[in-house]
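Next comes work_11.cif, with mmCIF, N, CA and C atoms.
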```
data_target
loop_
_atom_site.group_PDB
_atom_site.id
_atom_site.type_symbol
_atom_site.label_atom_id
_atom_site.label_comp_id
_atom_site.auth_asym_id
_atom_site.auth_seq_id
_atom_site.Cartn_x
_atom_site.Cartn_y
_atom_site.Cartn_z
ATOM 1 N N MET A 2 35.208 15.869 -9.638
ATOM 2 C CA MET A 2 34.972 16.449 -8.334
ATOM 3 C C MET A 2 35.707 15.622 -7.280
ATOM 4 N N ASP A 3 36.341 16.297 -6.368
ATOM 5 C CA ASP A 3 37.000 15.661 -5.231
ATOM 6 C C ASP A 3 35.955 15.505 -4.127
ATOM 7 N N VAL A 4 35.405 14.303 -4.002
ATOM 8 C CA VAL A 4 34.324 14.057 -3.048
ATOM 9 C C VAL A 4 34.791 14.301 -1.616
ATOM 10 N N LEU A 5 35.994 13.895 -1.303
ATOM 11 C CA LEU A 5 36.507 14.087 0.051
ATOM 12 C C LEU A 5 36.592 15.574 0.399
ATOM 13 N N GLN A 6 37.090 16.378 -0.526
ATOM 14 C CA GLN A 6 37.169 17.820 -0.285
ATOM 15 C C GLN A 6 35.770 18.426 -0.170
ATOM 16 N N ALA A 7 34.846 17.930 -0.968
ATOM 17 C CA ALA A 7 33.466 18.419 -0.888
ATOM 18 C C ALA A 7 32.843 18.043 0.455
ATOM 19 N N MET A 8 33.169 16.850 0.943
ATOM 20 C CA MET A 8 32.684 16.445 2.271
ATOM 21 C C MET A 8 33.234 17.369 3.349
ATOM 22 N N ARG A 9 34.518 17.718 3.224
ATOM 23 C CA ARG A 9 35.122 18.659 4.186
ATOM 24 C C ARG A 9 34.414 20.006 4.138
ATOM 25 N N ALA A 10 34.144 20.476 2.936
ATOM 26 C CA ALA A 10 33.464 21.765 2.782
ATOM 27 C C ALA A 10 32.075 21.708 3.405
ATOM 28 N N PHE A 11 31.343 20.653 3.122
ATOM 29 C CA PHE A 11 30.004 20.474 3.683
ATOM 30 C C PHE A 11 30.053 20.474 5.214
ATOM 31 N N SER A 12 30.961 19.705 5.770
ATOM 32 C CA SER A 12 31.113 19.634 7.216
ATOM 33 C C SER A 12 31.487 20.996 7.802
ATOM 34 N N CYS A 13 32.387 21.698 7.149
ATOM 35 C CA CYS A 13 32.800 23.031 7.628
ATOM 36 C C CYS A 13 31.656 24.034 7.562
ATOM 37 N N VAL A 14 30.839 23.960 6.515
ATOM 38 C CA VAL A 14 29.700 24.878 6.397
ATOM 39 C C VAL A 14 28.759 24.680 7.580
ATOM 40 N N VAL A 15 28.473 23.429 7.882
ATOM 41 C CA VAL A 15 27.569 23.143 9.001
ATOM 42 C C VAL A 15 28.192 23.606 10.313
ATOM 43 N N GLN A 16 29.465 23.304 10.507
ATOM 44 C CA GLN A 16 30.132 23.682 11.753
ATOM 45 C C GLN A 16 30.216 25.198 11.896
ATOM 46 N N ALA A 17 30.566 25.887 10.819
ATOM 47 C CA ALA A 17 30.719 27.342 10.873
ATOM 48 C C ALA A 17 29.374 28.065 10.823
ATOM 49 N N GLY A 18 28.379 27.410 10.256
ATOM 50 C CA GLY A 18 27.069 28.033 10.149
ATOM 51 C C GLY A 18 26.914 28.957 8.966
ATOM 52 N N SER A 19 27.944 29.005 8.118
ATOM 53 C CA SER A 19 27.873 29.867 6.943
ATOM 54 C C SER A 19 28.899 29.442 5.903
ATOM 55 N N LEU A 20 28.636 29.826 4.670
ATOM 56 C CA LEU A 20 29.591 29.567 3.597
ATOM 57 C C LEU A 20 30.861 30.385 3.803
ATOM 58 N N THR A 21 30.687 31.614 4.261
ATOM 59 C CA THR A 21 31.844 32.491 4.490
ATOM 60 C C THR A 21 32.746 31.921 5.576
ATOM 61 N N GLY A 22 32.159 31.455 6.667
ATOM 62 C CA GLY A 22 32.937 30.860 7.746
ATOM 63 C C GLY A 22 33.663 29.617 7.291
ATOM 64 N N ALA A 23 32.994 28.805 6.481
ATOM 65 C CA ALA A 23 33.628 27.600 5.952
ATOM 66 C C ALA A 23 34.773 27.964 5.020
ATOM 67 N N ALA A 24 34.583 28.984 4.216
ATOM 68 C CA ALA A 24 35.637 29.422 3.291
ATOM 69 C C ALA A 24 36.874 29.855 4.066
ATOM 70 N N GLU A 25 36.682 30.574 5.152
ATOM 71 C CA GLU A 25 37.808 30.990 5.985
ATOM 72 C C GLU A 25 38.508 29.778 6.585
ATOM 73 N N CYS A 26 37.721 28.826 7.070
ATOM 74 C CA CYS A 26 38.266 27.605 7.667
ATOM 75 C C CYS A 26 39.085 26.811 6.645
ATOM 76 N N LEU A 27 38.615 26.779 5.412
ATOM 77 C CA LEU A 27 39.270 26.005 4.351
ATOM 78 C C LEU A 27 40.283 26.820 3.551
ATOM 79 N N ASP A 28 40.429 28.087 3.896
ATOM 80 C CA ASP A 28 41.341 28.993 3.202
ATOM 81 C C ASP A 28 41.039 29.030 1.702
ATOM 82 N N THR A 29 39.774 29.282 1.393
ATOM 83 C CA THR A 29 39.334 29.390 0.007
ATOM 84 C C THR A 29 38.265 30.467 -0.078
ATOM 85 N N THR A 30 37.613 30.578 -1.200
ATOM 86 C CA THR A 30 36.591 31.602 -1.379
ATOM 87 C C THR A 30 35.202 31.053 -1.085
ATOM 88 N N THR A 31 34.301 31.947 -0.783
ATOM 89 C CA THR A 31 32.913 31.566 -0.560
ATOM 90 C C THR A 31 32.331 30.941 -1.825
ATOM 91 N N ALA A 32 32.672 31.493 -2.974
ATOM 92 C CA ALA A 32 32.182 30.950 -4.248
ATOM 93 C C ALA A 32 32.655 29.513 -4.446
ATOM 94 N N SER A 33 33.882 29.230 -4.068
ATOM 95 C CA SER A 33 34.418 27.876 -4.190
ATOM 96 C C SER A 33 33.666 26.900 -3.289
ATOM 97 N N VAL A 34 33.384 27.314 -2.072
ATOM 98 C CA VAL A 34 32.634 26.469 -1.138
ATOM 99 C C VAL A 34 31.232 26.228 -1.682
ATOM 100 N N SER A 35 30.595 27.267 -2.182
ATOM 101 C CA SER A 35 29.259 27.144 -2.747
ATOM 102 C C SER A 35 29.256 26.172 -3.925
ATOM 103 N N ARG A 36 30.257 26.270 -4.770
ATOM 104 C CA ARG A 36 30.383 25.387 -5.931
ATOM 105 C C ARG A 36 30.582 23.933 -5.482
ATOM 106 N N MET A 37 31.442 23.728 -4.464
ATOM 107 C CA MET A 37 31.656 22.369 -3.960
ATOM 108 C C MET A 37 30.355 21.774 -3.423
ATOM 109 N N LEU A 38 29.588 22.573 -2.685
ATOM 110 C CA LEU A 38 28.315 22.087 -2.149
ATOM 111 C C LEU A 38 27.333 21.750 -3.266
ATOM 112 N N SER A 39 27.238 22.624 -4.226
ATOM 113 C CA SER A 39 26.338 22.375 -5.357
ATOM 114 C C SER A 39 26.741 21.123 -6.114
ATOM 115 N N ASN A 40 28.029 20.951 -6.337
ATOM 116 C CA ASN A 40 28.519 19.762 -7.040
ATOM 117 C C ASN A 40 28.265 18.491 -6.229
ATOM 118 N N LEU A 41 28.447 18.577 -4.913
ATOM 119 C CA LEU A 41 28.201 17.424 -4.055
ATOM 120 C C LEU A 41 26.721 17.046 -4.094
ATOM 121 N N GLU A 42 25.855 18.040 -3.985
ATOM 122 C CA GLU A 42 24.418 17.773 -4.040
ATOM 123 C C GLU A 42 24.018 17.186 -5.396
ATOM 124 N N ALA A 43 24.604 17.687 -6.463
ATOM 125 C CA ALA A 43 24.325 17.146 -7.795
ATOM 126 C C ALA A 43 24.827 15.709 -7.909
ATOM 127 N N HIS A 44 26.005 15.454 -7.369
ATOM 128 C CA HIS A 44 26.586 14.110 -7.382
ATOM 129 C C HIS A 44 25.689 13.117 -6.633
ATOM 130 N N LEU A 45 25.141 13.554 -5.505
ATOM 131 C CA LEU A 45 24.295 12.698 -4.674
ATOM 132 C C LEU A 45 22.833 12.685 -5.119
ATOM 133 N N HIS A 46 22.473 13.635 -5.981
ATOM 134 C CA HIS A 46 21.084 13.786 -6.448
ATOM 135 C C HIS A 46 20.132 14.070 -5.292
ATOM 136 N N ILE A 47 20.599 14.892 -4.337
ATOM 137 C CA ILE A 47 19.760 15.240 -3.189
ATOM 138 C C ILE A 47 20.248 16.556 -2.569
ATOM 139 N N ARG A 48 19.321 17.300 -2.027
ATOM 140 C CA ARG A 48 19.676 18.547 -1.340
ATOM 141 C C ARG A 48 20.115 18.225 0.076
ATOM 142 N N LEU A 49 21.284 18.728 0.451
ATOM 143 C CA LEU A 49 21.819 18.509 1.793
ATOM 144 C C LEU A 49 21.516 19.669 2.727
ATOM 145 N N LEU A 50 21.464 20.865 2.151
ATOM 146 C CA LEU A 50 21.240 22.081 2.928
ATOM 147 C C LEU A 50 20.148 22.917 2.295
ATOM 148 N N ASN A 51 19.325 23.516 3.127
ATOM 149 C CA ASN A 51 18.418 24.555 2.665
ATOM 150 C C ASN A 51 19.126 25.864 2.953
ATOM 151 N N ARG A 52 19.397 26.620 1.893
ATOM 152 C CA ARG A 52 20.166 27.857 2.040
ATOM 153 C C ARG A 52 19.319 29.060 1.685
ATOM 154 N N THR A 53 19.398 30.058 2.539
ATOM 155 C CA THR A 53 18.837 31.371 2.238
ATOM 156 C C THR A 53 19.959 32.378 2.447
ATOM 157 N N THR A 54 19.674 33.612 2.206
ATOM 158 C CA THR A 54 20.703 34.636 2.413
ATOM 159 C C THR A 54 21.018 34.822 3.891
ATOM 160 N N ARG A 55 20.124 34.396 4.761
ATOM 161 C CA ARG A 55 20.310 34.615 6.194
ATOM 162 C C ARG A 55 20.677 33.375 6.995
ATOM 163 N N ARG A 56 20.347 32.196 6.477
ATOM 164 C CA ARG A 56 20.627 31.004 7.282
ATOM 165 C C ARG A 56 20.811 29.767 6.424
ATOM 166 N N ILE A 57 21.414 28.789 7.074
ATOM 167 C CA ILE A 57 21.636 27.481 6.460
ATOM 168 C C ILE A 57 21.047 26.444 7.404
ATOM 169 N N ALA A 58 20.266 25.532 6.849
ATOM 170 C CA ALA A 58 19.660 24.478 7.670
ATOM 171 C C ALA A 58 19.851 23.133 6.974
ATOM 172 N N LEU A 59 20.226 22.141 7.757
ATOM 173 C CA LEU A 59 20.376 20.793 7.230
ATOM 174 C C LEU A 59 19.022 20.208 6.859
ATOM 175 N N THR A 60 18.983 19.523 5.748
ATOM 176 C CA THR A 60 17.813 18.713 5.430
ATOM 177 C C THR A 60 17.945 17.417 6.220
ATOM 178 N N GLU A 61 16.914 16.590 6.205
ATOM 179 C CA GLU A 61 16.999 15.299 6.880
ATOM 180 C C GLU A 61 18.118 14.457 6.264
ATOM 181 N N ALA A 62 18.182 14.459 4.939
ATOM 182 C CA ALA A 62 19.248 13.720 4.254
ATOM 183 C C ALA A 62 20.614 14.314 4.595
ATOM 184 N N GLY A 63 20.691 15.634 4.677
ATOM 185 C CA GLY A 63 21.935 16.306 5.027
ATOM 186 C C GLY A 63 22.416 15.928 6.408
ATOM 187 N N ASN A 64 21.492 15.810 7.333
ATOM 188 C CA ASN A 64 21.842 15.418 8.697
ATOM 189 C C ASN A 64 22.427 14.010 8.723
ATOM 190 N N ARG A 65 21.799 13.081 8.005
ATOM 191 C CA ARG A 65 22.319 11.705 7.946
ATOM 192 C C ARG A 65 23.679 11.670 7.258
ATOM 193 N N TYR A 66 23.803 12.409 6.154
ATOM 194 C CA TYR A 66 25.064 12.427 5.408
ATOM 195 C C TYR A 66 26.182 13.046 6.237
ATOM 196 N N LEU A 67 25.870 14.094 6.986
ATOM 197 C CA LEU A 67 26.861 14.759 7.827
ATOM 198 C C LEU A 67 27.452 13.790 8.854
ATOM 199 N N LYS A 68 26.613 12.976 9.456
ATOM 200 C CA LYS A 68 27.104 12.009 10.437
ATOM 201 C C LYS A 68 28.134 11.079 9.812
ATOM 202 N N ARG A 69 27.852 10.594 8.613
ATOM 203 C CA ARG A 69 28.781 9.695 7.928
ATOM 204 C C ARG A 69 30.039 10.445 7.487
ATOM 205 N N CYS A 70 29.869 11.665 7.015
ATOM 206 C CA CYS A 70 31.024 12.479 6.589
ATOM 207 C C CYS A 70 31.996 12.668 7.739
ATOM 208 N N ARG A 71 31.475 12.974 8.896
ATOM 209 C CA ARG A 71 32.340 13.202 10.059
ATOM 210 C C ARG A 71 33.142 11.960 10.408
ATOM 211 N N VAL A 72 32.513 10.800 10.325
ATOM 212 C CA VAL A 72 33.222 9.543 10.595
ATOM 213 C C VAL A 72 34.306 9.324 9.542
ATOM 214 N N ILE A 73 33.954 9.497 8.291
ATOM 215 C CA ILE A 73 34.905 9.291 7.193
ATOM 216 C C ILE A 73 36.079 10.259 7.306
ATOM 217 N N LEU A 74 35.789 11.527 7.537
ATOM 218 C CA LEU A 74 36.852 12.529 7.620
ATOM 219 C C LEU A 74 37.769 12.260 8.807
ATOM 220 N N GLU A 75 37.213 11.807 9.914
ATOM 221 C CA GLU A 75 38.038 11.474 11.070
ATOM 222 C C GLU A 75 38.936 10.281 10.765
ATOM 223 N N LEU A 76 38.399 9.294 10.059
ATOM 224 C CA LEU A 76 39.205 8.130 9.670
ATOM 225 C C LEU A 76 40.350 8.531 8.738
ATOM 226 N N VAL A 77 40.075 9.405 7.798
ATOM 227 C CA VAL A 77 41.121 9.877 6.882
ATOM 228 C C VAL A 77 42.185 10.649 7.651
ATOM 229 N N ASP A 78 41.758 11.542 8.534
ATOM 230 C CA ASP A 78 42.720 12.311 9.332
ATOM 231 C C ASP A 78 43.572 11.393 10.203
ATOM 232 N N THR A 79 42.945 10.396 10.807
ATOM 233 C CA THR A 79 43.673 9.441 11.644
ATOM 234 C C THR A 79 44.679 8.657 10.812
ATOM 235 N N ALA A 80 44.275 8.193 9.648
ATOM 236 C CA ALA A 80 45.179 7.441 8.772
ATOM 237 C C ALA A 80 46.380 8.293 8.372
ATOM 238 N N GLU A 81 46.145 9.557 8.047
ATOM 239 C CA GLU A 81 47.243 10.443 7.662
ATOM 240 C C GLU A 81 48.190 10.695 8.829
ATOM 241 N N ARG A 82 47.632 10.916 10.024
ATOM 242 C CA ARG A 82 48.491 11.115 11.196
ATOM 243 C C ARG A 82 49.315 9.864 11.479
ATOM 244 N N GLU A 83 48.687 8.710 11.386
ATOM 245 C CA GLU A 83 49.393 7.456 11.656
ATOM 246 C C GLU A 83 50.539 7.226 10.678
ATOM 247 N N ILE A 84 50.290 7.450 9.391
ATOM 248 C CA ILE A 84 51.341 7.198 8.395
ATOM 249 C C ILE A 84 52.493 8.178 8.578
ATOM 250 N N HIS A 85 52.181 9.408 8.906
ATOM 251 C CA HIS A 85 53.253 10.383 9.123
ATOM 252 C C HIS A 85 54.054 10.045 10.373
ATOM 253 N N ARG A 86 53.352 9.616 11.408
ATOM 254 C CA ARG A 86 54.033 9.237 12.650
ATOM 255 C C ARG A 86 54.873 7.976 12.430
ATOM 256 N N THR A 87 54.326 6.993 11.723
ATOM 257 C CA THR A 87 55.022 5.735 11.471
ATOM 258 C C THR A 87 56.281 5.944 10.632
ATOM 259 N N LEU A 88 56.170 6.783 9.624
ATOM 260 C CA LEU A 88 57.305 7.013 8.729
ATOM 261 C C LEU A 88 58.139 8.208 9.150
ATOM 262 N N ASP A 89 57.757 8.840 10.262
ATOM 263 C CA ASP A 89 58.459 10.013 10.760
ATOM 264 C C ASP A 89 58.544 11.098 9.694
ATOM 265 N N LEU A 90 57.400 11.320 9.016
ATOM 266 C CA LEU A 90 57.328 12.345 7.981
ATOM 267 C C LEU A 90 56.755 13.626 8.565
ATOM 268 N N PRO A 91 57.108 14.753 7.960
ATOM 269 C CA PRO A 91 56.473 16.001 8.393
ATOM 270 C C PRO A 91 54.991 15.970 8.023
ATOM 271 N N ALA A 92 54.198 16.797 8.670
ATOM 272 C CA ALA A 92 52.741 16.807 8.492
ATOM 273 C C ALA A 92 52.309 17.121 7.071
ATOM 274 N N ASN A 93 53.142 17.801 6.278
ATOM 275 C CA ASN A 93 52.747 18.156 4.925
ATOM 276 C C ASN A 93 52.881 17.015 3.941
ATOM 277 N N GLY A 94 53.389 15.860 4.379
ATOM 278 C CA GLY A 94 53.417 14.684 3.542
ATOM 279 C C GLY A 94 54.654 14.513 2.679
ATOM 280 N N LEU A 95 55.641 15.398 2.788
ATOM 281 C CA LEU A 95 56.848 15.237 1.999
ATOM 282 C C LEU A 95 57.740 14.182 2.610
ATOM 283 N N SER A 96 58.373 13.424 1.779
ATOM 284 C CA SER A 96 59.273 12.386 2.284
ATOM 285 C C SER A 96 60.565 13.036 2.775
ATOM 286 N N ARG A 97 61.396 12.227 3.380
ATOM 287 C CA ARG A 97 62.668 12.738 3.906
ATOM 288 C C ARG A 97 63.558 13.303 2.811
ATOM 289 N N THR A 98 63.367 12.830 1.596
ATOM 290 C CA THR A 98 64.196 13.323 0.489
ATOM 291 C C THR A 98 63.583 14.547 -0.170
ATOM 292 N N GLY A 99 62.345 14.926 0.295
ATOM 293 C CA GLY A 99 61.700 16.093 -0.275
ATOM 294 C C GLY A 99 60.925 15.788 -1.531
ATOM 295 N N ALA A 100 60.852 14.505 -1.920
ATOM 296 C CA ALA A 100 60.118 14.124 -3.133
ATOM 297 C C ALA A 100 58.649 13.969 -2.851
#
```

Since I need it in another form, could you write the structure as structure tokens?
Amino acid sequence: MDVLQAMRAFSCVVQAGSLTGAAECLDTTTASVSRMLSNLEAHLHIRLLNRTTRRIALTEAGNRYLKRCRVILELVDTAEREIHRTLDLPANGLSRTGA
């Protein structure tokens, strides 16, 4: 499991308020987002979200985890922007030689 991608999915679900909205944000399927969330919860051995067909609500643990996820994801995004700016690389991460 890609924990970082699962953290992004979790954060997007909370921000969008739905699995469908998160899937659109991440350009993937709702089933994929649901699977990432389930895998993340299994990995952590704790429920992060209470999900029904009509709403999604953060658990107490989910709220604490979300705060840390947002910090981590911002740090990763900042590091990627810095390295691309420093090396004058395009945003997609390809080197000047295309390798």

Atom C of Leu74 of chain A to atom N of Arg9 of chain A, distance in Å rounded to a single decimal: 8.5 Å

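One distance worth recording is that between atom CA of Glu81 of chain A and atom CA of Met8 of chain A, which is 16.6 Å.
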
Six-sided padding of 5 Å per side, axis-aligned box over segment 34-38 of chain A, centre and edges in Å, one decimal, as lines of an AutoDock Vina configuration file:
```
center_x = 30.4
center_y = 24.5
center_z = -3.5
size_x = 16.1
size_y = 15.6
size_z = 14.8
```

Strand (DSSP E or B) positions in chain A, given as a PyMOL selection string: chain A and resi 50-52+57-59

Shell around segment 24-41 of chain A at 9 Å using only C-alpha atoms, local window under 5 positions removed, as number ranges by chain: A: 2-4, 6-11, 13-14, 17, 19, 46-50

Picked from chain A by DSSP as alpha helix (DSSP H), as an MDAnalysis selection string: chainID A and resid 4:17 20:27 31:45 61:88

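The smallest atom-to-atom distance between Glu42 of chain A and any of A:Thr79, A:Thr60, A:Gln16, A:Thr21, using only C-alpha atoms, is found for A:Thr60.
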
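Each of A:Leu5, A:Arg86, A:Asn51, A:His44 was compared to Asn64 of chain A using only C-alpha atoms, and A:Asn51 turns out to be the nearest.
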
Å distance separating atom N of Leu59 of chain A from atom C of Ser12 of chain A, one decimal place: 11.3 Å

Export C-alpha atoms of segment 2-70 of chain A from the structure just given, as a PDB file, in the first residue's frame?
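Result file selection_11.pdb:
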```pdb
ATOM      1  CA  MET A   2       0.000   0.000   0.000  1.00  0.00           C
ATOM      2  CA  ASP A   3       1.200   3.495  -0.842  1.00  0.00           C
ATOM      3  CA  VAL A   4       0.617   5.244   2.490  1.00  0.00           C
ATOM      4  CA  LEU A   5       1.240   8.695   1.050  1.00  0.00           C
ATOM      5  CA  GLN A   6      -1.361   8.174  -1.680  1.00  0.00           C
ATOM      6  CA  ALA A   7      -3.793   6.810   0.901  1.00  0.00           C
ATOM      7  CA  MET A   8      -3.202   9.915   3.024  1.00  0.00           C
ATOM      8  CA  ARG A   9      -3.994  12.070  -0.016  1.00  0.00           C
ATOM      9  CA  ALA A  10      -7.179  10.108  -0.626  1.00  0.00           C
ATOM     10  CA  PHE A  11      -8.217  10.425   3.017  1.00  0.00           C
ATOM     11  CA  SER A  12      -7.563  14.165   2.996  1.00  0.00           C
ATOM     12  CA  CYS A  13      -9.459  14.603  -0.287  1.00  0.00           C
ATOM     13  CA  VAL A  14     -12.454  12.637   1.016  1.00  0.00           C
ATOM     14  CA  VAL A  15     -12.705  14.915   4.030  1.00  0.00           C
ATOM     15  CA  GLN A  16     -12.220  18.057   1.950  1.00  0.00           C
ATOM     16  CA  ALA A  17     -14.704  16.997  -0.738  1.00  0.00           C
ATOM     17  CA  GLY A  18     -17.160  15.518   1.734  1.00  0.00           C
ATOM     18  CA  SER A  19     -17.616  12.384  -0.330  1.00  0.00           C
ATOM     19  CA  LEU A  20     -15.808   9.476  -1.915  1.00  0.00           C
ATOM     20  CA  THR A  21     -17.094  10.537  -5.328  1.00  0.00           C
ATOM     21  CA  GLY A  22     -15.757  14.071  -4.910  1.00  0.00           C
ATOM     22  CA  ALA A  23     -12.401  12.734  -3.782  1.00  0.00           C
ATOM     23  CA  ALA A  24     -12.278  10.370  -6.753  1.00  0.00           C
ATOM     24  CA  GLU A  25     -12.836  13.290  -9.117  1.00  0.00           C
ATOM     25  CA  CYS A  26     -10.142  15.314  -7.345  1.00  0.00           C
ATOM     26  CA  LEU A  27      -7.681  12.408  -7.598  1.00  0.00           C
ATOM     27  CA  ASP A  28      -8.747  11.432 -11.127  1.00  0.00           C
ATOM     28  CA  THR A  29      -9.600   7.885 -10.086  1.00  0.00           C
ATOM     29  CA  THR A  30     -12.666   5.805  -9.300  1.00  0.00           C
ATOM     30  CA  THR A  31     -14.828   5.891  -6.216  1.00  0.00           C
ATOM     31  CA  ALA A  32     -14.061   2.199  -5.676  1.00  0.00           C
ATOM     32  CA  SER A  33     -10.335   2.956  -5.700  1.00  0.00           C
ATOM     33  CA  VAL A  34     -10.742   5.711  -3.108  1.00  0.00           C
ATOM     34  CA  SER A  35     -12.870   3.422  -0.947  1.00  0.00           C
ATOM     35  CA  ARG A  36     -10.239   0.682  -1.191  1.00  0.00           C
ATOM     36  CA  MET A  37      -7.443   3.116  -0.258  1.00  0.00           C
ATOM     37  CA  LEU A  38      -9.399   4.258   2.806  1.00  0.00           C
ATOM     38  CA  SER A  39     -10.145   0.714   3.884  1.00  0.00           C
ATOM     39  CA  ASN A  40      -6.507  -0.280   3.444  1.00  0.00           C
ATOM     40  CA  LEU A  41      -5.331   2.776   5.383  1.00  0.00           C
ATOM     41  CA  GLU A  42      -7.717   2.022   8.241  1.00  0.00           C
ATOM     42  CA  ALA A  43      -6.576  -1.611   8.265  1.00  0.00           C
ATOM     43  CA  HIS A  44      -2.932  -0.505   8.237  1.00  0.00           C
ATOM     44  CA  LEU A  45      -3.552   1.816  11.204  1.00  0.00           C
ATOM     45  CA  HIS A  46      -5.895  -0.637  12.976  1.00  0.00           C
ATOM     46  CA  ILE A  47      -8.405   2.164  13.566  1.00  0.00           C
ATOM     47  CA  ARG A  48     -11.471   3.668  11.926  1.00  0.00           C
ATOM     48  CA  LEU A  49     -10.822   7.151  10.561  1.00  0.00           C
ATOM     49  CA  LEU A  50     -14.249   7.839   9.090  1.00  0.00           C
ATOM     50  CA  ASN A  51     -17.776   6.818   9.912  1.00  0.00           C
ATOM     51  CA  ARG A  52     -19.370   6.264   6.521  1.00  0.00           C
ATOM     52  CA  THR A  53     -22.995   5.896   5.587  1.00  0.00           C
ATOM     53  CA  THR A  54     -24.641   6.149   2.209  1.00  0.00           C
ATOM     54  CA  ARG A  55     -25.532   9.768   2.957  1.00  0.00           C
ATOM     55  CA  ARG A  56     -22.624  11.204   4.908  1.00  0.00           C
ATOM     56  CA  ILE A  57     -19.055  10.901   6.038  1.00  0.00           C
ATOM     57  CA  ALA A  58     -17.937  11.957   9.506  1.00  0.00           C
ATOM     58  CA  LEU A  59     -14.468  11.984  11.008  1.00  0.00           C
ATOM     59  CA  THR A  60     -13.875   9.904  14.084  1.00  0.00           C
ATOM     60  CA  GLU A  61     -11.822  11.457  16.876  1.00  0.00           C
ATOM     61  CA  ALA A  62      -8.813   9.466  15.680  1.00  0.00           C
ATOM     62  CA  GLY A  63      -9.560  10.522  12.099  1.00  0.00           C
ATOM     63  CA  ASN A  64      -9.561  14.167  13.092  1.00  0.00           C
ATOM     64  CA  ARG A  65      -6.146  13.846  14.770  1.00  0.00           C
ATOM     65  CA  TYR A  66      -4.745  11.839  11.853  1.00  0.00           C
ATOM     66  CA  LEU A  67      -6.080  14.353   9.319  1.00  0.00           C
ATOM     67  CA  LYS A  68      -4.190  17.186  11.000  1.00  0.00           C
ATOM     68  CA  ARG A  69      -0.923  15.262  10.705  1.00  0.00           C
ATOM     69  CA  CYS A  70      -1.693  14.151   7.135  1.00  0.00           C
TER      70      CYS A  70
END
```
